[in-house]
$ cat my_file-v6.txt   # compact mmCIF, C-alpha atoms and all ligand atoms
# COMPACT_ATOMS: atom_id res chain seq x y z
CA MET Q 1 -7.59 14.77 -19.19
CA ARG Q 2 -8.14 14.80 -22.92
CA ASN Q 3 -9.45 17.97 -24.56
CA PHE Q 4 -12.52 18.21 -26.82
CA LEU Q 5 -10.54 17.65 -30.00
CA GLU Q 6 -8.57 14.71 -28.67
CA GLU Q 7 -11.88 13.08 -27.66
CA ARG Q 8 -13.18 13.58 -31.19
CA ILE Q 9 -10.00 12.27 -32.82
CA LYS Q 10 -10.13 9.21 -30.56
CA ARG Q 11 -13.73 8.60 -31.58
CA ASP Q 12 -13.74 9.40 -35.31
CA GLY Q 13 -10.10 9.57 -36.49
CA LYS Q 14 -8.80 6.71 -38.65
CA VAL Q 15 -5.15 5.70 -38.57
CA ILE Q 16 -4.10 5.13 -42.20
CA ASN Q 17 -0.53 4.19 -41.30
CA SER Q 18 2.04 5.23 -38.69
CA ASP Q 19 2.41 8.65 -40.40
CA VAL Q 20 -1.10 9.60 -41.54
CA LEU Q 21 -4.38 10.21 -39.71
CA LYS Q 22 -7.67 10.53 -41.58
CA VAL Q 23 -10.19 12.98 -40.13
CA ASP Q 24 -12.49 13.44 -43.10
CA SER Q 25 -15.69 12.97 -41.09
CA PHE Q 26 -15.24 16.20 -39.09
CA LEU Q 27 -12.41 18.30 -40.58
CA ASN Q 28 -11.19 17.45 -44.08
CA GLN Q 29 -14.32 16.57 -46.03
CA GLN Q 30 -17.40 16.71 -43.81
CA VAL Q 31 -16.92 19.60 -41.40
CA ASP Q 32 -18.36 19.83 -37.88
CA PRO Q 33 -19.14 23.54 -37.47
CA GLU Q 34 -19.55 23.36 -33.67
CA LEU Q 35 -16.12 21.77 -33.37
CA MET Q 36 -14.68 24.49 -35.66
CA LYS Q 37 -16.25 27.10 -33.38
CA LEU Q 38 -14.52 25.61 -30.32
CA ILE Q 39 -11.22 25.58 -32.22
CA GLY Q 40 -11.69 29.23 -33.21
CA GLU Q 41 -12.36 30.13 -29.56
CA GLU Q 42 -9.25 28.29 -28.41
CA PHE Q 43 -7.04 30.13 -30.93
CA LYS Q 44 -8.62 33.43 -29.89
CA THR Q 45 -7.84 32.74 -26.23
CA TYR Q 46 -4.23 31.86 -27.02
CA PHE Q 47 -3.45 34.62 -29.55
CA GLU Q 48 -5.79 37.51 -28.64
CA LYS Q 49 -3.12 39.65 -26.93
CA LYS Q 50 -1.01 39.73 -30.08
CA ASP Q 51 -2.98 42.42 -31.95
CA ILE Q 52 -3.53 40.19 -34.98
CA THR Q 53 -4.76 42.08 -38.06
CA LYS Q 54 -5.23 39.10 -40.39
CA VAL Q 55 -5.63 35.34 -40.32
CA VAL Q 56 -3.90 33.51 -43.19
CA THR Q 57 -4.54 29.89 -44.15
CA ILE Q 58 -3.72 27.46 -46.92
CA GLU Q 59 -6.50 25.98 -49.04
CA ALA Q 60 -8.49 23.82 -48.62
CA SER Q 61 -8.64 22.15 -45.21
CA GLY Q 62 -7.32 25.11 -43.24
CA ILE Q 63 -10.24 27.29 -44.30
CA ALA Q 64 -12.92 26.07 -41.85
CA PRO Q 65 -10.90 26.48 -38.62
CA ALA Q 66 -9.25 29.66 -39.95
CA LEU Q 67 -12.62 31.27 -40.72
CA MET Q 68 -13.90 30.56 -37.20
CA THR Q 69 -10.68 32.04 -35.79
CA SER Q 70 -11.01 35.16 -37.92
CA ILE Q 71 -14.61 35.64 -36.73
CA GLU Q 72 -13.45 35.32 -33.10
CA LEU Q 73 -10.60 37.81 -33.61
CA GLY Q 74 -12.71 40.15 -35.77
CA VAL Q 75 -10.18 40.30 -38.62
CA PRO Q 76 -10.20 39.24 -42.31
CA LEU Q 77 -9.18 35.79 -43.49
CA VAL Q 78 -6.78 35.46 -46.44
CA ILE Q 79 -6.52 32.10 -48.24
CA MET Q 80 -3.25 31.15 -49.90
CA LYS Q 81 -3.94 29.07 -53.01
CA LYS Q 82 -2.19 25.95 -54.30
CA GLN Q 83 -1.34 25.93 -58.01
CA GLN Q 84 0.25 23.22 -60.13
CA SER Q 85 2.64 25.44 -62.07
CA SER Q 86 4.19 28.80 -61.33
CA THR Q 87 2.64 31.75 -63.06
CA LEU Q 88 4.69 34.79 -63.95
CA ASN Q 89 2.60 37.50 -62.45
CA ASP Q 90 3.88 40.59 -60.66
CA ASN Q 91 0.69 40.82 -58.70
CA PHE Q 92 1.28 37.63 -56.72
CA PHE Q 93 3.69 36.42 -54.11
CA GLN Q 94 4.54 32.77 -54.62
CA THR Q 95 6.77 30.00 -53.31
CA GLN Q 96 7.24 26.31 -53.99
CA VAL Q 97 6.10 23.80 -51.34
CA LYS Q 98 6.48 20.03 -51.04
CA SER Q 99 3.15 18.37 -50.33
CA PHE Q 100 3.08 15.87 -47.46
CA THR Q 101 -0.03 14.01 -48.60
CA LYS Q 102 0.59 14.01 -52.37
CA ASN Q 103 4.39 13.90 -52.31
CA ASN Q 104 4.66 16.45 -55.14
CA LEU Q 105 5.54 20.12 -55.44
CA TYR Q 106 2.98 22.88 -55.72
CA ASN Q 107 3.11 26.65 -55.83
CA LEU Q 108 1.62 28.54 -52.94
CA VAL Q 109 0.32 31.89 -54.19
CA VAL Q 110 -1.40 34.93 -52.77
CA SER Q 111 -2.28 38.28 -54.28
CA LYS Q 112 -0.07 41.16 -53.16
CA ASN Q 113 -3.29 43.12 -52.57
CA PHE Q 114 -4.13 41.14 -49.44
CA ILE Q 115 -0.88 41.27 -47.44
CA SER Q 116 0.08 44.75 -46.25
CA ASP Q 117 3.34 45.84 -44.69
CA ASP Q 118 1.68 46.67 -41.38
CA ASP Q 119 -0.15 43.34 -41.06
CA VAL Q 120 0.36 41.17 -37.98
CA ILE Q 121 -0.52 37.70 -39.20
CA LEU Q 122 -1.76 34.53 -37.53
CA ILE Q 123 -1.30 31.45 -39.73
CA ILE Q 124 -3.82 28.63 -39.22
CA ASP Q 125 -3.63 25.15 -40.75
CA ASP Q 126 -5.31 21.79 -40.21
CA PHE Q 127 -2.22 19.59 -39.75
CA LEU Q 128 1.44 20.11 -38.89
CA ALA Q 129 3.64 17.30 -40.22
CA MET Q 130 6.97 18.22 -41.85
CA GLY Q 131 6.13 21.92 -41.57
CA GLU Q 132 6.57 22.61 -45.28
CA ALA Q 133 3.15 24.18 -45.90
CA VAL Q 134 3.44 26.59 -42.96
CA LEU Q 135 7.09 27.37 -43.77
CA GLY Q 136 5.98 28.25 -47.31
CA ALA Q 137 3.37 30.65 -45.94
CA ILE Q 138 6.04 32.18 -43.66
CA ARG Q 139 8.48 32.59 -46.60
CA ILE Q 140 5.82 34.53 -48.47
CA ILE Q 141 5.07 36.77 -45.48
CA ASN Q 142 8.80 37.29 -44.87
CA ASN Q 143 9.00 38.75 -48.40
CA THR Q 144 6.89 41.62 -47.13
CA LYS Q 145 7.22 43.89 -44.10
CA ALA Q 146 4.28 42.14 -42.45
CA SER Q 147 5.04 40.01 -39.39
CA VAL Q 148 4.04 36.50 -38.30
CA ALA Q 149 2.58 36.65 -34.78
CA GLY Q 150 2.12 32.91 -34.49
CA VAL Q 151 0.91 29.65 -35.96
CA GLY Q 152 -2.26 27.83 -34.87
CA ILE Q 153 -2.48 24.15 -35.76
CA VAL Q 154 -5.57 21.99 -35.34
CA ILE Q 155 -3.72 18.63 -35.23
CA GLU Q 156 0.02 18.45 -34.70
CA LYS Q 157 1.85 15.17 -35.23
CA SER Q 158 4.67 15.85 -32.80
CA PHE Q 159 6.68 12.80 -33.92
CA GLN Q 160 7.31 14.62 -37.22
CA PRO Q 161 9.74 17.56 -37.45
CA GLY Q 162 7.35 20.46 -38.25
CA ARG Q 163 7.31 21.99 -34.77
CA LYS Q 164 11.10 21.92 -34.44
CA LYS Q 165 11.54 23.66 -37.82
CA LEU Q 166 9.11 26.43 -36.81
CA GLU Q 167 10.57 26.84 -33.32
CA ASP Q 168 14.03 27.17 -34.88
CA GLN Q 169 12.64 30.29 -36.58
CA GLY Q 170 11.34 31.61 -33.26
CA ILE Q 171 7.69 31.01 -34.19
CA ASP Q 172 5.06 30.78 -31.42
CA ILE Q 173 2.96 27.65 -32.17
CA HIS Q 174 -0.25 26.57 -30.52
CA SER Q 175 -1.78 23.19 -31.42
CA VAL Q 176 -5.23 22.14 -30.22
CA ALA Q 177 -4.29 18.43 -30.28
CA ARG Q 178 -0.80 16.93 -30.29
CA ILE Q 179 -0.30 13.35 -31.39
CA LYS Q 180 2.80 11.60 -30.10
CA SER Q 181 2.39 8.37 -32.06
CA LEU Q 182 0.20 6.58 -34.60
CA ASN Q 183 2.13 3.32 -34.33
CA ASN Q 184 0.33 -0.04 -34.25
CA ASN Q 185 -2.92 1.55 -35.35
CA LYS Q 186 -3.17 3.42 -32.03
CA ILE Q 187 -3.50 7.16 -31.44
CA ILE Q 188 -1.36 8.33 -28.52
CA PHE Q 189 -1.53 12.00 -27.45
CA GLU Q 190 1.22 14.06 -25.82
P1 LIG Q 201 3.41 19.60 -43.77
O1 LIG Q 201 3.60 20.66 -44.80
O2 LIG Q 201 3.48 20.09 -42.36
O3 LIG Q 201 4.30 18.40 -44.02
O4 LIG Q 201 1.96 19.02 -43.98
C1 LIG Q 201 0.86 19.84 -43.78
C2 LIG Q 201 -0.24 19.58 -44.75
O5 LIG Q 201 -0.30 18.21 -45.15
C3 LIG Q 201 -1.54 19.89 -44.05
O6 LIG Q 201 -2.03 21.12 -44.53
C4 LIG Q 201 -2.47 18.75 -44.41
O7 LIG Q 201 -3.29 19.13 -45.47
C5 LIG Q 201 -1.56 17.65 -44.88
N1 LIG Q 201 -1.36 16.60 -43.86
C6 LIG Q 201 -0.21 16.33 -43.19
N2 LIG Q 201 -0.34 15.26 -42.41
C7 LIG Q 201 -1.61 14.83 -42.55
C8 LIG Q 201 -2.36 13.74 -41.97
O8 LIG Q 201 -1.89 12.92 -41.16
N3 LIG Q 201 -3.67 13.64 -42.37
C9 LIG Q 201 -4.25 14.50 -43.24
N4 LIG Q 201 -5.54 14.30 -43.55
N5 LIG Q 201 -3.57 15.53 -43.82
C10 LIG Q 201 -2.26 15.70 -43.47
$ encode --input "my_file-v6.txt" --output "structure tokens"
Amino acid sequence: MRNFLEERIKRDGKVINSDVLKVDSFLNQQVDPELMKLIGEEFKTYFEKKDITKVVTIEASGIAPALMTSIELGVPLVIMKKQQSSTLNDNFFQTQVKSFTKNNLYNLVVSKNFISDDDVILIIDDFLAMGEAVLGAIRIINNTKASVAGVGIVIEKSFQPGRKKLEDQGIDIHSVARIKSLNNNKIIFE
């Protein structure tokens, strides 16, 4: 049986090509708040025993599901920002990330004020493709004494290598929907 998100993807997702799914009517541009609430509840159920102290996401499309998750877990949300060029600033952690959708490099930055050594962090993002965005967030957190308790993904494309790269680092990943293939304009779930 398909879950609530798979039903929605089936109904409103648009296959752009065999690698890219467009979900701008409920996640990336227009946002369905009730759907985000269900996603937040699912991440809470999966991760609640891990004593999470902070949810971290990557702007912009991770923010809606991450905020709902942070409400459910009762912890703050920290948003890592994307910048075009690196800034020399002692007050920020930063790392370079290759963008899947734009095929360029950007700097992922976050103020040192918002990651503490005793934080137990849940990373939330909208899509998992090559894993570069989440790996960038993990590199930043690994520069501190904070720990990564897990990664919550709204839509995983399991035919791309993101999951394998994260599992190789021992990361616990939970995806609400997992897409096995987008070939021939068809969405096939795991
Ligand atoms: P990764 O770093 O895992 O290669 O890609 C993750 C980021 O690329 C996500 O945060 C998301 O913004 C974007 N992305 C990757 N694949 C897709 C896709 O199929 N559709 C959309 N709309 N965004 C994607």
$ axis_aligned_box --input "my_file-v6.txt" --around "ligand LIG 201 (chain Q)" --padding-each-side "5 Å" --output "AutoDock Vina command-line options"
--center_x -0.6 --center_y 17.0 --center_z -43.3 --size_x 19.8 --size_y 18.2 --size_z 14.3
$ atom_distance --input "my_file-v6.txt" --atom1 "atom CA of Val176 of chain Q" --atom2 "atom CA of Lys44 of chain Q"
11.8 Å
$ closest_residue --input "my_file-v6.txt" --among "Q:Lys22, Q:Lys14, Q:Lys50, Q:Lys112" --to "Val148 of chain Q" --atoms "all atoms listed in the file"
Q:Lys50
$ closest_residue --input "my_file-v6.txt" --among "Q:Asp126, Q:Asp51, Q:Glu167, Q:Asp117" --to "Ala64 of chain Q" --atoms "only C-alpha atoms"
Q:Asp126
$ closest_residue --input "my_file-v6.txt" --among "Q:Asn142, Q:Ser86, Q:Lys54, Q:Val23" --to "ligand LIG 201 (chain Q)" --atoms "only C-alpha atoms and all ligand atoms"
Q:Val23
$ closest_atom_pairs --input "my_file-v6.txt" --of "chain Q" --to "ligand LIG 201 (chain Q)" --cutoff "10 Å" --atoms "all atoms listed in the file" --output "Markdown table"
| residue | atom | partner | partner_atom | distance |
| --- | --- | --- | --- | --- |
| Q:Gly13 | CA | Q:LIG201 | N3 | 9.6 |
| Q:Lys14 | CA | Q:LIG201 | N3 | 9.4 |
| Q:Val15 | CA | Q:LIG201 | O8 | 8.3 |
| Q:Ile16 | CA | Q:LIG201 | O8 | 8.2 |
| Q:Asn17 | CA | Q:LIG201 | O8 | 8.8 |
| Q:Ser18 | CA | Q:LIG201 | O8 | 9.0 |
| Q:Asp19 | CA | Q:LIG201 | O8 | 6.1 |
| Q:Val20 | CA | Q:LIG201 | O8 | 3.4 |
| Q:Leu21 | CA | Q:LIG201 | O8 | 4.0 |
| Q:Lys22 | CA | Q:LIG201 | N4 | 4.8 |
| Q:Val23 | CA | Q:LIG201 | N4 | 5.9 |
| Q:Asp24 | CA | Q:LIG201 | N4 | 7.0 |
| Q:Leu27 | CA | Q:LIG201 | N4 | 8.5 |
| Q:Asn28 | CA | Q:LIG201 | N4 | 6.5 |
| Q:Gln29 | CA | Q:LIG201 | N4 | 9.4 |
| Q:Thr57 | CA | Q:LIG201 | O6 | 9.1 |
| Q:Ile58 | CA | Q:LIG201 | O6 | 7.0 |
| Q:Glu59 | CA | Q:LIG201 | O6 | 8.0 |
| Q:Ala60 | CA | Q:LIG201 | O7 | 7.7 |
| Q:Ser61 | CA | Q:LIG201 | O7 | 6.1 |
| Q:Gly62 | CA | Q:LIG201 | O6 | 6.8 |
| Q:Val97 | CA | Q:LIG201 | O1 | 7.7 |
| Q:Lys98 | CA | Q:LIG201 | O1 | 6.9 |
| Q:Ser99 | CA | Q:LIG201 | O1 | 6.0 |
| Q:Phe100 | CA | Q:LIG201 | O3 | 4.4 |
| Q:Thr101 | CA | Q:LIG201 | C5 | 5.4 |
| Q:Lys102 | CA | Q:LIG201 | O5 | 8.4 |
| Q:Asn103 | CA | Q:LIG201 | O3 | 9.4 |
| Q:Ile124 | CA | Q:LIG201 | O6 | 9.4 |
| Q:Asp125 | CA | Q:LIG201 | O6 | 5.8 |
| Q:Asp126 | CA | Q:LIG201 | O6 | 5.5 |
| Q:Phe127 | CA | Q:LIG201 | C3 | 4.4 |
| Q:Leu128 | CA | Q:LIG201 | O2 | 4.0 |
| Q:Ala129 | CA | Q:LIG201 | O2 | 3.5 |
| Q:Met130 | CA | Q:LIG201 | O3 | 3.4 |
| Q:Gly131 | CA | Q:LIG201 | O2 | 3.3 |
| Q:Glu132 | CA | Q:LIG201 | O1 | 3.6 |
| Q:Ala133 | CA | Q:LIG201 | O1 | 3.7 |
| Q:Val134 | CA | Q:LIG201 | O1 | 6.2 |
| Q:Leu135 | CA | Q:LIG201 | O1 | 7.6 |
| Q:Gly136 | CA | Q:LIG201 | O1 | 8.3 |
| Q:Ile153 | CA | Q:LIG201 | O6 | 9.3 |
| Q:Val154 | CA | Q:LIG201 | C3 | 9.8 |
| Q:Ile155 | CA | Q:LIG201 | O8 | 8.4 |
| Q:Glu156 | CA | Q:LIG201 | N2 | 8.4 |
| Q:Lys157 | CA | Q:LIG201 | O8 | 7.4 |
| Q:Gln160 | CA | Q:LIG201 | O3 | 8.3 |
| Q:Pro161 | CA | Q:LIG201 | O2 | 8.3 |
| Q:Gly162 | CA | Q:LIG201 | O2 | 5.7 |
| Q:Arg163 | CA | Q:LIG201 | O2 | 8.7 |
| Q:Lys165 | CA | Q:LIG201 | O2 | 9.9 |
| Q:Ile179 | CA | Q:LIG201 | O8 | 9.9 |
| Q:Leu182 | CA | Q:LIG201 | O8 | 9.4 |
$ atom_distance --input "my_file-v6.txt" --atom1 "atom CA of Glu41 of chain Q" --atom2 "atom CA of Ser147 of chain Q"
22.3 Å
$ atom_distance --input "my_file-v6.txt" --atom1 "atom CA of Val151 of chain Q" --atom2 "atom CA of Ile123 of chain Q"
4.7 Å
$ residues_around --input "my_file-v6.txt" --residues "Glu190 of chain Q" --least-positions-apart "6" --cutoff "10 Å" --atoms "only C-alpha atoms" --output "list in words"
Arg2, Glu156, Lys157, Ser158, Phe159, Ala177, Arg178, Ile179, Lys180 and Ser181 of chain Q
$ residues_around --input "my_file-v6.txt" --residues "segment 75-81 of chain Q" --least-positions-apart "4" --cutoff "8 Å" --atoms "only C-alpha atoms" --output "PDB file with C-alpha atoms, keeping the file's coordinate frame"
ATOM      1  CA  ILE Q  52      -3.530  40.190 -34.980  1.00  0.00           C
ATOM      2  CA  THR Q  53      -4.760  42.080 -38.060  1.00  0.00           C
ATOM      3  CA  LYS Q  54      -5.230  39.100 -40.390  1.00  0.00           C
ATOM      4  CA  VAL Q  55      -5.630  35.340 -40.320  1.00  0.00           C
ATOM      5  CA  VAL Q  56      -3.900  33.510 -43.190  1.00  0.00           C
ATOM      6  CA  THR Q  57      -4.540  29.890 -44.150  1.00  0.00           C
ATOM      7  CA  ILE Q  58      -3.720  27.460 -46.920  1.00  0.00           C
ATOM      8  CA  GLU Q  59      -6.500  25.980 -49.040  1.00  0.00           C
ATOM      9  CA  ILE Q  63     -10.240  27.290 -44.300  1.00  0.00           C
ATOM     10  CA  ALA Q  66      -9.250  29.660 -39.950  1.00  0.00           C
ATOM     11  CA  LEU Q  67     -12.620  31.270 -40.720  1.00  0.00           C
ATOM     12  CA  SER Q  70     -11.010  35.160 -37.920  1.00  0.00           C
ATOM     13  CA  ILE Q  71     -14.610  35.640 -36.730  1.00  0.00           C
ATOM     14  CA  ASN Q 107       3.110  26.650 -55.830  1.00  0.00           C
ATOM     15  CA  LEU Q 108       1.620  28.540 -52.940  1.00  0.00           C
ATOM     16  CA  VAL Q 109       0.320  31.890 -54.190  1.00  0.00           C
ATOM     17  CA  VAL Q 110      -1.400  34.930 -52.770  1.00  0.00           C
ATOM     18  CA  PHE Q 114      -4.130  41.140 -49.440  1.00  0.00           C
ATOM     19  CA  ALA Q 137       3.370  30.650 -45.940  1.00  0.00           C
TER      20      ALA Q 137
END
$ residues_around --input "my_file-v6.txt" --residues "Leu38 of chain Q" --least-positions-apart "5" --cutoff "10 Å" --atoms "only C-alpha atoms" --output "MDAnalysis selection string"
chainID Q and resid 4:5 33 43:44 65 68:69 176
$ residues_near_point --input "my_file-v6.txt" --point "(1.4, 41.8, -40.0)" --cutoff "6 Å" --atoms "only C-alpha atoms" --output "PDB file with C-alpha atoms, in the coordinates of the input"
ATOM      1  CA  ASP Q 118       1.680  46.670 -41.380  1.00  0.00           C
ATOM      2  CA  ASP Q 119      -0.150  43.340 -41.060  1.00  0.00           C
ATOM      3  CA  VAL Q 120       0.360  41.170 -37.980  1.00  0.00           C
ATOM      4  CA  ILE Q 121      -0.520  37.700 -39.200  1.00  0.00           C
ATOM      5  CA  ALA Q 146       4.280  42.140 -42.450  1.00  0.00           C
ATOM      6  CA  SER Q 147       5.040  40.010 -39.390  1.00  0.00           C
TER       7      SER Q 147
END
$ residues_around --input "my_file-v6.txt" --residues "Tyr46 of chain Q" --least-positions-apart "4" --cutoff "10 Å" --atoms "all atoms listed in the file" --output "number ranges by chain"
Q: 41-42, 50, 150, 152, 173-174
